[in-house]
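Listing of my_file-v7.txt, compact mmCIF, C-alpha atoms
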```txt
# COMPACT_ATOMS: atom_id res chain seq x y z
CA MET A 18 -112.20 -49.25 41.44
CA GLY A 19 -111.51 -52.20 39.17
CA ALA A 20 -109.03 -53.89 41.50
CA GLN A 21 -109.55 -57.47 42.58
CA LEU A 22 -109.17 -58.98 46.02
CA CYS A 23 -106.65 -61.81 45.90
CA PHE A 24 -106.28 -64.02 48.94
CA GLN A 25 -103.46 -66.48 49.48
CA ALA A 26 -104.22 -69.95 50.71
CA ASP A 27 -100.94 -70.34 52.53
CA ALA A 28 -100.61 -69.04 56.06
CA ASP A 29 -98.39 -66.09 56.91
CA ALA A 30 -95.64 -68.47 57.96
CA GLN A 31 -95.32 -69.60 54.34
CA VAL A 32 -94.46 -66.10 53.08
CA PRO A 33 -90.72 -65.55 52.46
CA ARG A 34 -89.23 -62.91 54.75
CA GLU A 35 -87.61 -60.89 51.98
CA THR A 36 -86.63 -57.28 52.56
CA LEU A 37 -89.57 -54.95 52.19
CA CYS A 38 -89.67 -52.63 49.21
CA PHE A 39 -92.40 -50.81 47.33
CA HIS A 40 -94.46 -52.67 44.76
CA ALA A 41 -93.22 -51.65 41.32
CA GLU A 42 -96.54 -51.19 39.54
CA ALA A 43 -99.27 -50.61 42.15
CA LYS A 44 -98.69 -46.95 42.97
CA GLY A 45 -100.41 -43.60 42.73
CA ALA A 46 -100.27 -41.51 39.58
CA GLN A 47 -97.84 -39.01 41.13
CA VAL A 48 -95.44 -41.55 42.68
CA LEU A 49 -91.89 -41.96 41.42
CA LEU A 50 -89.77 -44.86 42.74
CA ASP A 51 -86.00 -45.16 42.77
CA ALA A 52 -84.25 -48.08 41.07
CA LYS A 53 -84.23 -50.21 44.24
CA ARG A 54 -87.87 -49.42 45.03
CA SER A 55 -86.94 -48.28 48.53
CA VAL A 56 -87.75 -44.60 47.96
CA ALA A 57 -91.12 -43.18 46.94
CA CYS A 58 -91.42 -39.53 45.97
CA ARG A 59 -94.63 -37.67 45.14
CA LEU A 60 -93.98 -35.49 42.12
CA ALA A 61 -96.78 -32.91 42.33
CA THR A 62 -100.05 -31.90 44.03
CA PHE A 63 -100.83 -33.27 47.51
CA HIS A 64 -102.53 -36.55 46.57
CA ASP A 65 -102.17 -39.64 44.33
CA GLY A 66 -99.30 -40.86 46.51
CA ILE A 67 -100.48 -44.37 47.47
CA VAL A 68 -97.81 -47.11 47.61
CA PHE A 69 -97.84 -50.75 48.76
CA SER A 70 -95.30 -53.22 50.09
CA GLN A 71 -94.31 -55.86 47.55
CA ARG A 72 -95.17 -58.72 49.94
CA PRO A 73 -97.52 -59.34 52.87
CA VAL A 74 -96.43 -58.17 56.31
CA ARG A 75 -96.86 -60.48 59.29
CA PRO A 76 -98.58 -59.42 62.52
CA GLY A 77 -95.97 -57.89 64.79
CA GLU A 78 -93.53 -57.24 61.92
CA PRO A 79 -92.68 -53.51 61.86
CA VAL A 80 -92.60 -51.50 58.68
CA VAL A 81 -89.79 -48.97 59.13
CA LEU A 82 -89.52 -45.88 56.98
CA ARG A 83 -87.89 -42.49 57.05
CA VAL A 84 -89.43 -39.23 55.87
CA LEU A 85 -87.10 -37.75 53.27
CA GLY A 86 -89.01 -34.65 52.29
CA HIS A 87 -91.51 -32.28 53.92
CA GLU A 88 -93.60 -29.63 52.17
CA ASP A 89 -95.18 -27.00 54.41
CA ARG A 90 -97.72 -25.58 51.97
CA TRP A 91 -100.18 -28.46 52.52
CA ARG A 92 -102.14 -29.62 55.57
CA GLY A 93 -102.02 -33.21 56.84
CA GLY A 94 -99.30 -35.72 56.15
CA LEU A 95 -98.30 -39.37 55.95
CA ARG A 96 -100.98 -42.06 56.19
CA VAL A 97 -100.03 -45.65 57.05
CA GLY A 98 -101.91 -48.92 57.42
CA PHE A 99 -102.61 -52.37 56.05
CA THR A 100 -104.82 -53.84 53.36
CA ARG A 101 -106.02 -57.21 52.11
CA LEU A 102 -105.78 -55.82 48.60
CA ASN A 103 -103.04 -57.74 46.81
CA PRO A 104 -101.04 -55.15 44.83
CA GLU A 105 -100.35 -57.78 42.16
CA CYS A 106 -104.07 -57.54 41.32
CA VAL A 107 -104.25 -53.74 41.35
CA GLN A 108 -104.36 -51.76 38.14
CA ALA A 109 -102.56 -48.49 38.94
CA PRO A 110 -105.02 -46.24 37.04
CA SER A 111 -107.83 -47.57 39.22
CA LEU A 112 -106.26 -46.37 42.49
CA PRO A 113 -108.13 -43.49 44.16
CA PRO A 114 -106.27 -40.30 45.10
CA PHE A 115 -106.41 -40.94 48.87
CA VAL A 116 -106.00 -43.98 51.09
CA CYS A 117 -108.24 -42.31 53.71
CA PRO A 118 -111.13 -42.53 53.14
CA ASP A 119 -111.24 -43.54 49.46
CA LEU A 120 -109.25 -46.78 49.44
CA GLU A 121 -110.75 -47.76 52.80
CA GLN A 122 -114.24 -47.39 51.37
CA GLN A 123 -113.44 -49.33 48.19
CA SER A 124 -111.49 -52.25 49.66
CA PRO A 125 -110.69 -54.01 52.97
CA THR A 126 -108.10 -51.44 54.04
CA TRP A 127 -107.36 -50.05 57.51
CA ALA A 128 -105.22 -46.91 57.66
CA ALA A 129 -104.75 -43.78 59.73
CA VAL A 130 -102.99 -40.44 59.59
CA LEU A 131 -100.08 -39.78 61.90
CA PRO A 132 -100.64 -36.87 64.31
CA ASP A 133 -99.60 -33.43 63.07
CA GLY A 134 -95.89 -32.76 63.49
CA CYS A 135 -95.04 -36.44 63.99
CA ALA A 136 -93.47 -37.13 60.59
CA LEU A 137 -91.04 -34.41 59.60
CA ALA A 138 -88.03 -34.73 57.30
CA GLY A 139 -85.49 -37.09 58.86
CA ASP A 140 -87.96 -38.76 61.24
CA VAL A 141 -87.99 -42.56 61.38
CA VAL A 142 -91.49 -44.03 61.58
CA ARG A 143 -92.35 -47.62 62.55
CA PHE A 144 -95.84 -49.02 62.17
CA TRP A 145 -97.22 -52.50 62.67
CA VAL A 146 -100.37 -54.46 63.40
CA THR A 147 -100.52 -56.61 66.52
CA ARG A 148 -102.01 -60.10 66.71
CA ARG A 149 -104.99 -58.45 68.44
CA GLY A 150 -105.60 -56.26 65.39
CA LEU A 151 -104.23 -52.98 66.79
CA LEU A 152 -102.58 -50.61 64.28
CA CYS A 153 -99.68 -49.02 66.15
CA ALA A 154 -96.91 -46.60 65.26
CA GLN A 155 -93.82 -45.03 66.79
CA VAL A 156 -91.86 -42.00 65.60
CA ASN A 157 -88.16 -42.00 66.51
CA ALA A 158 -87.90 -42.81 70.24
CA GLY A 159 -91.32 -41.36 71.03
CA PRO A 160 -94.25 -43.14 72.69
CA ARG A 161 -96.10 -45.92 70.94
CA LEU A 162 -99.23 -44.58 69.28
CA LEU A 163 -102.48 -46.52 68.90
CA LEU A 164 -103.81 -45.40 65.52
CA ARG A 165 -106.85 -47.66 65.26
CA GLU A 166 -108.37 -50.97 66.31
CA GLY A 167 -110.14 -53.83 64.60
CA VAL A 168 -107.68 -54.79 61.87
CA PRO A 169 -108.43 -58.46 60.97
CA VAL A 170 -105.24 -60.52 60.95
CA GLY A 171 -106.61 -63.85 59.73
CA SER A 172 -105.62 -63.21 56.08
CA PRO A 173 -102.47 -61.78 54.45
CA LEU A 174 -102.03 -58.05 54.89
CA TRP A 175 -99.91 -55.77 52.74
CA ALA A 176 -98.54 -52.49 54.09
CA VAL A 177 -100.05 -49.42 52.45
CA MET A 178 -98.72 -45.89 52.72
CA ASP A 179 -99.99 -42.59 51.36
CA VAL A 180 -97.28 -40.02 50.60
CA TYR A 181 -99.82 -37.30 51.23
CA GLY A 182 -99.84 -33.57 51.83
CA THR A 183 -96.86 -32.32 53.79
CA THR A 184 -95.01 -35.64 53.30
CA LYS A 185 -93.13 -35.41 50.00
CA ALA A 186 -90.90 -38.51 49.98
CA ILE A 187 -90.31 -41.61 52.12
CA GLU A 188 -87.64 -44.32 52.27
CA LEU A 189 -88.15 -47.89 53.49
CA LEU A 190 -85.51 -49.09 55.96
CA GLY A 191 -84.73 -52.50 57.43
CA GLU A 192 -87.01 -53.59 60.28
CA ALA A 193 -84.08 -54.13 62.68
CA ILE A 194 -82.80 -50.55 62.33
CA ARG A 195 -83.28 -48.31 65.36
CA TRP A 196 -84.25 -44.71 64.72
CA ASP A 197 -80.88 -43.43 66.01
CA GLN A 198 -78.93 -45.97 63.93
CA ALA A 199 -80.54 -45.23 60.56
CA PRO A 200 -78.09 -44.74 57.69
CA PRO A 201 -77.47 -41.22 56.35
CA MET A 202 -80.28 -39.61 54.37
CA GLY A 203 -80.38 -41.11 50.92
CA GLY A 204 -79.99 -44.80 51.59
CA GLY A 205 -76.77 -45.22 53.50
CA GLY A 206 -74.19 -43.43 51.41
CA SER A 207 -73.21 -40.08 50.02
CA PRO A 208 -74.32 -39.21 46.48
CA SER A 209 -70.77 -39.81 45.25
CA ASP A 210 -70.42 -43.19 46.95
CA PRO A 211 -70.59 -45.92 44.25
CA ALA A 212 -72.14 -48.33 46.76
CA SER A 213 -75.01 -45.96 47.48
CA PRO A 214 -78.37 -46.44 45.74
CA TRP A 215 -78.29 -42.69 45.10
CA ALA A 216 -75.06 -42.87 43.14
CA LEU A 217 -75.08 -41.27 39.69
CA PRO A 218 -71.88 -41.29 37.62
CA GLU A 219 -70.34 -37.92 36.80
CA GLU A 220 -69.73 -38.79 33.18
CA THR A 221 -71.96 -41.59 32.10
CA PRO A 222 -72.35 -43.00 28.60
CA SER A 223 -75.51 -44.74 29.87
CA ASP A 224 -77.38 -41.42 29.68
CA PRO A 225 -79.12 -41.90 26.32
CA GLU A 226 -79.52 -39.16 23.76
CA ALA A 227 -82.92 -37.57 24.17
CA THR A 228 -85.88 -37.66 21.85
CA GLU A 229 -87.72 -34.41 21.25
CA GLY A 230 -89.48 -33.17 24.37
CA GLU A 231 -87.45 -35.35 26.77
CA GLU A 232 -84.15 -33.45 26.76
CA CYS A 233 -82.27 -32.52 29.91
CA ALA A 234 -83.08 -28.89 30.74
CA ILE A 235 -79.38 -28.18 31.33
CA CYS A 236 -77.41 -29.88 28.56
CA PHE A 237 -80.29 -30.30 26.06
CA HIS A 238 -78.57 -33.46 24.81
CA HIS A 239 -79.13 -36.42 27.12
CA ALA A 240 -82.51 -37.75 28.17
CA ALA A 241 -83.99 -36.40 31.41
CA ASN A 242 -83.75 -39.59 33.48
CA ALA A 243 -82.98 -38.38 37.02
CA CYS A 244 -85.21 -37.21 39.85
CA LEU A 245 -84.28 -34.70 42.56
CA VAL A 246 -85.40 -35.61 46.08
CA PRO A 247 -87.47 -34.28 47.78
CA CYS A 248 -88.87 -31.76 45.26
CA GLY A 249 -89.42 -34.46 42.63
CA HIS A 250 -88.35 -32.48 39.55
CA THR A 251 -87.29 -34.77 36.68
CA HIS A 252 -85.98 -32.34 34.09
CA PHE A 253 -82.33 -33.42 34.17
CA CYS A 254 -80.05 -36.22 33.03
CA GLY A 255 -78.04 -38.14 35.59
CA CYS A 256 -74.80 -36.37 34.70
CA CYS A 257 -76.19 -32.84 35.09
CA ALA A 258 -78.22 -33.70 38.20
CA SER A 259 -75.10 -35.07 39.86
CA ARG A 260 -73.16 -31.89 39.06
CA VAL A 261 -75.94 -29.66 40.42
CA LEU A 262 -76.05 -31.71 43.64
CA LYS A 263 -72.30 -31.26 44.16
CA ASP A 264 -72.13 -27.60 43.09
CA THR A 265 -75.14 -25.95 44.74
CA ALA A 266 -77.46 -28.69 46.10
CA LYS A 267 -80.37 -26.45 44.96
CA CYS A 268 -82.97 -27.51 42.40
CA PRO A 269 -82.63 -25.21 39.34
CA VAL A 270 -86.43 -25.19 38.95
CA CYS A 271 -87.77 -24.50 42.47
CA ARG A 272 -84.56 -23.80 44.47
CA TRP A 273 -85.42 -26.45 47.07
CA GLU A 274 -82.45 -28.06 48.77
CA ILE A 275 -81.52 -31.35 47.09
CA GLN A 276 -81.05 -34.21 49.54
CA ALA A 277 -80.47 -36.94 46.97
CA VAL A 278 -80.68 -37.83 43.29
CA VAL A 279 -82.32 -41.02 42.08
CA TRP A 280 -82.89 -42.61 38.71
CA ALA A 281 -86.31 -41.69 37.43
CA ARG A 282 -88.80 -44.43 36.55
CA ALA A 283 -91.21 -42.06 34.83
CA PRO A 284 -90.99 -39.58 31.93
CA PRO A 285 -90.07 -35.98 32.68
CA ALA A 286 -92.72 -33.45 33.51
CA LEU A 287 -94.45 -31.58 30.70
CA ARG A 288 -92.91 -28.49 29.14
CA THR A 289 -94.54 -25.30 27.98
CA GLU A 290 -94.58 -24.19 24.36
CA GLY A 291 -91.50 -22.12 25.09
CA GLY A 292 -89.64 -25.23 26.20
CA LEU A 293 -89.56 -24.31 29.90
CA PRO A 294 -90.33 -27.02 32.47
CA VAL A 295 -93.60 -26.78 34.38
```

Could the structure of this file be written out as C-alpha cells, please?
Amino acid sequence: MGAQLCFQADADAQVPRETLCFHAEAKGAQVLLDAKRSVACRLATFHDGIVFSQRPVRPGEPVVLRVLGHEDRWRGGLRVGFTRLNPECVQAPSLPPFVCPDLEQQSPTWAAVLPDGCALAGDVVRFWVTRRGLLCAQVNAGPRLLLREGVPVGSPLWAVMDVYGTTKAIELLGEAIRWDQAPPMGGGGSPSDPASPWALPEETPSDPEATEGEECAICFHHAANACLVPCGHTHFCGCCASRVLKDTAKCPVCRWEIQAVVWARAPPALRTEGGLPV
C-alpha cells in the first residue's frame, strides 16, 4: 500500500498527553474534517472513511467519540481499533477503502466492527486496549464489549476508525467525558454560538469570491467552503449554509436534517453540465 511502518524509540510514557484529534492528512478519500479536526464526515459511498488519531494512544487510555450521523441505506457501521502504522508516514492515496480486512491485511492493525445497532446518531462510544492486549468498547452506559484479543502493546499504537456504512460522521470527545455529560451535538455549542467550533458568521467577508465551478449553489458568488453534517454536502458558502441551518435545518440537496455546519477542508462535489450539484 506504499505506507511505511515508523516505530518510535521512546516509550509510551514519553508521548505528550495532548488532546486527541484526527490526523490532518492520513485519511480516506471520502473523509472531510472540520477546522479543529475533531469531526470526521464521510462525503459519499459507504467506504473510504478511514481516519487516525494524530498521536499514539496509551494502553488503558480511552478514545471517546460520538456518532453524529447515521445512514440507514447501508449495512454495517463503525469500525474501531489500533495500529502500529504511524499516520505521519502514510500517503493518503495509498489507504485501502476498508480498515477490515484491507488495512489489517496490509499493516499491523487490529480493528473490529461494533455490533449492529450499537452506534446510532447521538451515541457515545469509548474504545481502548488493555495492557493485556484486549480491544474493548462501551456504548453509552452499556456493558463493556470485548471486540478482540491479541493486540500487542509493546510498541506505540495509534487509534484507527473507519467511518463506514451506516455511520456517516463522528466527533472525538475528551476522554474524561461521561456519555451522559457529553456536550450538545456539534461540539459543545449552538451553531450561532461564537465559541462553538461549528460557528459560521452570518455575514462574513472571509467567504472568498468563487472561481468557476466552485460557486455556492445558493448565492453563486462566494466559494463553496462549508459542509453540512451529517449528509456531507459541500455546495454552499458559510454565509448561505448558516442561513439554511437557521431557517429550515434541511439540506437543499438531499433534504436531510442538518445537525451542524463545519468549514470544509476539501473542494465542493462535482457538478453536472447543467450546473446542478451531484

query: Interatomic distance between CA of His87 in chain A and CA of Lys185 in chain A?
result: 5.3 Å

message: The residues within 12 Å of (-97.4, -54.4, 67.2), using only C-alpha atoms and the coordinates of the file, should be reported as a ChimeraX atom specification; which are they?
response: /A:74-80,143-155,161-166,168,170

I'd like a table as CSV: residues in range 123-155 of chain A with an atom no more than 8 Å from range 116-119 of chain A, each row giving the shortest atom pair and its distance in Å to one decimal, only C-alpha atoms counted, sorted by chain and rising residue number.
```
residue,atom,partner,partner_atom,distance
A:Gln123,CA,A:Asp119,CA,6.3
A:Ala128,CA,A:Cys117,CA,6.8
A:Ala129,CA,A:Cys117,CA,7.1
```

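Our summary of the geometry notes that CA of Arg72 in chain A is positioned 16.7 Å from CA of Ala109 in chain A.
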
field: For Pro125 in chain A, the nearest of the candidates A:Pro169, A:Glu105, A:Arg83, A:Ser111, counting only C-alpha atoms
entry: A:Pro169

- request: Fewer than 5 positions away in the same chain doesn't count, so skip those; otherwise give me all residues within 7 Å of Leu245 in chain A, counting all atoms listed in the file, as a count of residues only.
  value: 6

- request: Determine the nearest neighbour of Leu190 in chain A from the options A:Cys236, A:Ala43, A:Ala158, A:Cys38, counting all atoms listed in the file.
  value: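 Checking each candidate against Leu190 in chain A, we get A:Cys38 as the closest.
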
query: Neighbours of Gly134 in chain A within 10 Å (only C-alpha atoms; same-chain residues fewer than 2 positions away dropped), as an MDAnalysis selection string?
result: chainID A and resid 93:94 131:132 136:137 183

query: Which residues come within 8 Å of Asp179 in chain A, counting all atoms listed in the file, excluding same-chain residues fewer than 4 positions away, as a list in words?
result: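 Result of the neighbour search: Asp65, Gly66, Ile67, Val68, Leu95, Arg96, Val97, Phe115 and Val116 of chain A.
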
Saved selection, atoms kept: C-alpha atoms, as a PDB file, keeping the file's coordinate frame:
```
ATOM      1  CA  ASP A  65    -102.170 -39.640  44.330  1.00  0.00           C
ATOM      2  CA  GLY A  66     -99.300 -40.860  46.510  1.00  0.00           C
ATOM      3  CA  ILE A  67    -100.480 -44.370  47.470  1.00  0.00           C
ATOM      4  CA  VAL A  68     -97.810 -47.110  47.610  1.00  0.00           C
ATOM      5  CA  LEU A  95     -98.300 -39.370  55.950  1.00  0.00           C
ATOM      6  CA  ARG A  96    -100.980 -42.060  56.190  1.00  0.00           C
ATOM      7  CA  VAL A  97    -100.030 -45.650  57.050  1.00  0.00           C
ATOM      8  CA  PHE A 115    -106.410 -40.940  48.870  1.00  0.00           C
ATOM      9  CA  VAL A 116    -106.000 -43.980  51.090  1.00  0.00           C
TER      10      VAL A 116
END
```

Completed range 61-94 of chain A (N, CA and C atoms) as a PDB file, keeping the file's coordinate frame:
```pdb
ATOM      1  N   ALA A  61     -96.022 -34.158  42.343  1.00  0.00           N
ATOM      2  CA  ALA A  61     -96.780 -32.910  42.330  1.00  0.00           C
ATOM      3  C   ALA A  61     -98.050 -33.067  43.152  1.00  0.00           C
ATOM      4  N   THR A  62     -98.812 -31.978  43.265  1.00  0.00           N
ATOM      5  CA  THR A  62    -100.050 -31.900  44.030  1.00  0.00           C
ATOM      6  C   THR A  62     -99.836 -32.392  45.460  1.00  0.00           C
ATOM      7  N   PHE A  63    -100.936 -32.764  46.138  1.00  0.00           N
ATOM      8  CA  PHE A  63    -100.830 -33.270  47.510  1.00  0.00           C
ATOM      9  C   PHE A  63    -101.402 -34.674  47.627  1.00  0.00           C
ATOM     10  N   HIS A  64    -101.859 -35.247  46.508  1.00  0.00           N
ATOM     11  CA  HIS A  64    -102.530 -36.550  46.570  1.00  0.00           C
ATOM     12  C   HIS A  64    -101.959 -37.473  45.489  1.00  0.00           C
ATOM     13  N   ASP A  65    -102.630 -38.608  45.278  1.00  0.00           N
ATOM     14  CA  ASP A  65    -102.170 -39.640  44.330  1.00  0.00           C
ATOM     15  C   ASP A  65    -100.791 -40.167  44.717  1.00  0.00           C
ATOM     16  N   GLY A  66    -100.591 -40.378  46.022  1.00  0.00           N
ATOM     17  CA  GLY A  66     -99.300 -40.860  46.510  1.00  0.00           C
ATOM     18  C   GLY A  66     -99.359 -42.225  47.180  1.00  0.00           C
ATOM     19  N   ILE A  67    -100.336 -43.068  46.820  1.00  0.00           N
ATOM     20  CA  ILE A  67    -100.480 -44.370  47.470  1.00  0.00           C
ATOM     21  C   ILE A  67     -99.396 -45.328  46.980  1.00  0.00           C
ATOM     22  N   VAL A  68     -98.787 -46.061  47.927  1.00  0.00           N
ATOM     23  CA  VAL A  68     -97.810 -47.110  47.610  1.00  0.00           C
ATOM     24  C   VAL A  68     -98.083 -48.321  48.507  1.00  0.00           C
ATOM     25  N   PHE A  69     -97.640 -49.492  48.043  1.00  0.00           N
ATOM     26  CA  PHE A  69     -97.840 -50.750  48.760  1.00  0.00           C
ATOM     27  C   PHE A  69     -96.502 -51.446  48.962  1.00  0.00           C
ATOM     28  N   SER A  70     -96.448 -52.308  49.971  1.00  0.00           N
ATOM     29  CA  SER A  70     -95.300 -53.220  50.090  1.00  0.00           C
ATOM     30  C   SER A  70     -95.424 -54.294  49.024  1.00  0.00           C
ATOM     31  N   GLN A  71     -94.294 -54.856  48.628  1.00  0.00           N
ATOM     32  CA  GLN A  71     -94.310 -55.860  47.550  1.00  0.00           C
ATOM     33  C   GLN A  71     -94.730 -57.230  48.046  1.00  0.00           C
ATOM     34  N   ARG A  72     -94.777 -57.418  49.369  1.00  0.00           N
ATOM     35  CA  ARG A  72     -95.170 -58.720  49.940  1.00  0.00           C
ATOM     36  C   ARG A  72     -96.026 -58.469  51.179  1.00  0.00           C
ATOM     37  N   PRO A  73     -96.755 -59.501  51.631  1.00  0.00           N
ATOM     38  CA  PRO A  73     -97.520 -59.340  52.870  1.00  0.00           C
ATOM     39  C   PRO A  73     -96.602 -59.122  54.074  1.00  0.00           C
ATOM     40  N   VAL A  74     -97.146 -58.454  55.064  1.00  0.00           N
ATOM     41  CA  VAL A  74     -96.430 -58.170  56.310  1.00  0.00           C
ATOM     42  C   VAL A  74     -97.109 -58.943  57.428  1.00  0.00           C
ATOM     43  N   ARG A  75     -96.319 -59.638  58.235  1.00  0.00           N
ATOM     44  CA  ARG A  75     -96.860 -60.480  59.290  1.00  0.00           C
ATOM     45  C   ARG A  75     -97.280 -59.649  60.501  1.00  0.00           C
ATOM     46  N   PRO A  76     -98.249 -60.106  61.271  1.00  0.00           N
ATOM     47  CA  PRO A  76     -98.580 -59.420  62.520  1.00  0.00           C
ATOM     48  C   PRO A  76     -97.347 -59.303  63.413  1.00  0.00           C
ATOM     49  N   GLY A  77     -97.119 -58.141  63.944  1.00  0.00           N
ATOM     50  CA  GLY A  77     -95.970 -57.890  64.790  1.00  0.00           C
ATOM     51  C   GLY A  77     -94.728 -57.474  64.036  1.00  0.00           C
ATOM     52  N   GLU A  78     -94.695 -57.638  62.711  1.00  0.00           N
ATOM     53  CA  GLU A  78     -93.530 -57.240  61.920  1.00  0.00           C
ATOM     54  C   GLU A  78     -93.599 -55.739  61.645  1.00  0.00           C
ATOM     55  N   PRO A  79     -92.601 -54.966  62.075  1.00  0.00           N
ATOM     56  CA  PRO A  79     -92.680 -53.510  61.860  1.00  0.00           C
ATOM     57  C   PRO A  79     -92.284 -53.130  60.442  1.00  0.00           C
ATOM     58  N   VAL A  80     -92.988 -52.159  59.918  1.00  0.00           N
ATOM     59  CA  VAL A  80     -92.600 -51.500  58.680  1.00  0.00           C
ATOM     60  C   VAL A  80     -91.874 -50.223  59.093  1.00  0.00           C
ATOM     61  N   VAL A  81     -90.619 -50.095  58.692  1.00  0.00           N
ATOM     62  CA  VAL A  81     -89.790 -48.970  59.130  1.00  0.00           C
ATOM     63  C   VAL A  81     -89.487 -48.080  57.933  1.00  0.00           C
ATOM     64  N   LEU A  82     -89.787 -46.814  58.065  1.00  0.00           N
ATOM     65  CA  LEU A  82     -89.520 -45.880  56.980  1.00  0.00           C
ATOM     66  C   LEU A  82     -88.987 -44.570  57.547  1.00  0.00           C
ATOM     67  N   ARG A  83     -88.363 -43.814  56.669  1.00  0.00           N
ATOM     68  CA  ARG A  83     -87.890 -42.490  57.050  1.00  0.00           C
ATOM     69  C   ARG A  83     -88.510 -41.463  56.112  1.00  0.00           C
ATOM     70  N   VAL A  84     -88.902 -40.334  56.677  1.00  0.00           N
ATOM     71  CA  VAL A  84     -89.430 -39.230  55.870  1.00  0.00           C
ATOM     72  C   VAL A  84     -88.239 -38.483  55.267  1.00  0.00           C
ATOM     73  N   LEU A  85     -88.203 -38.417  53.945  1.00  0.00           N
ATOM     74  CA  LEU A  85     -87.100 -37.750  53.270  1.00  0.00           C
ATOM     75  C   LEU A  85     -87.406 -36.303  52.919  1.00  0.00           C
ATOM     76  N   GLY A  86     -88.672 -35.999  52.699  1.00  0.00           N
ATOM     77  CA  GLY A  86     -89.010 -34.650  52.290  1.00  0.00           C
ATOM     78  C   GLY A  86     -90.299 -34.175  52.931  1.00  0.00           C
ATOM     79  N   HIS A  87     -90.349 -32.887  53.260  1.00  0.00           N
ATOM     80  CA  HIS A  87     -91.510 -32.280  53.920  1.00  0.00           C
ATOM     81  C   HIS A  87     -91.854 -31.000  53.174  1.00  0.00           C
ATOM     82  N   GLU A  88     -93.144 -30.784  52.932  1.00  0.00           N
ATOM     83  CA  GLU A  88     -93.600 -29.630  52.170  1.00  0.00           C
ATOM     84  C   GLU A  88     -94.663 -28.900  52.989  1.00  0.00           C
ATOM     85  N   ASP A  89     -94.339 -27.687  53.444  1.00  0.00           N
ATOM     86  CA  ASP A  89     -95.180 -27.000  54.410  1.00  0.00           C
ATOM     87  C   ASP A  89     -96.463 -26.410  53.831  1.00  0.00           C
ATOM     88  N   ARG A  90     -96.570 -26.305  52.524  1.00  0.00           N
ATOM     89  CA  ARG A  90     -97.720 -25.580  51.970  1.00  0.00           C
ATOM     90  C   ARG A  90     -99.028 -26.377  52.032  1.00  0.00           C
ATOM     91  N   TRP A  91     -98.973 -27.661  52.414  1.00  0.00           N
ATOM     92  CA  TRP A  91    -100.180 -28.460  52.520  1.00  0.00           C
ATOM     93  C   TRP A  91    -100.530 -28.710  53.991  1.00  0.00           C
ATOM     94  N   ARG A  92    -101.724 -29.233  54.229  1.00  0.00           N
ATOM     95  CA  ARG A  92    -102.140 -29.620  55.570  1.00  0.00           C
ATOM     96  C   ARG A  92    -102.333 -31.133  55.613  1.00  0.00           C
ATOM     97  N   GLY A  93    -101.929 -31.763  56.739  1.00  0.00           N
ATOM     98  CA  GLY A  93    -102.020 -33.210  56.840  1.00  0.00           C
ATOM     99  C   GLY A  93    -100.817 -33.868  56.189  1.00  0.00           C
ATOM    100  N   GLY A  94    -100.494 -35.062  56.667  1.00  0.00           N
ATOM    101  CA  GLY A  94     -99.300 -35.720  56.150  1.00  0.00           C
ATOM    102  C   GLY A  94     -99.474 -37.215  55.988  1.00  0.00           C
TER     103      GLY A  94
END
```
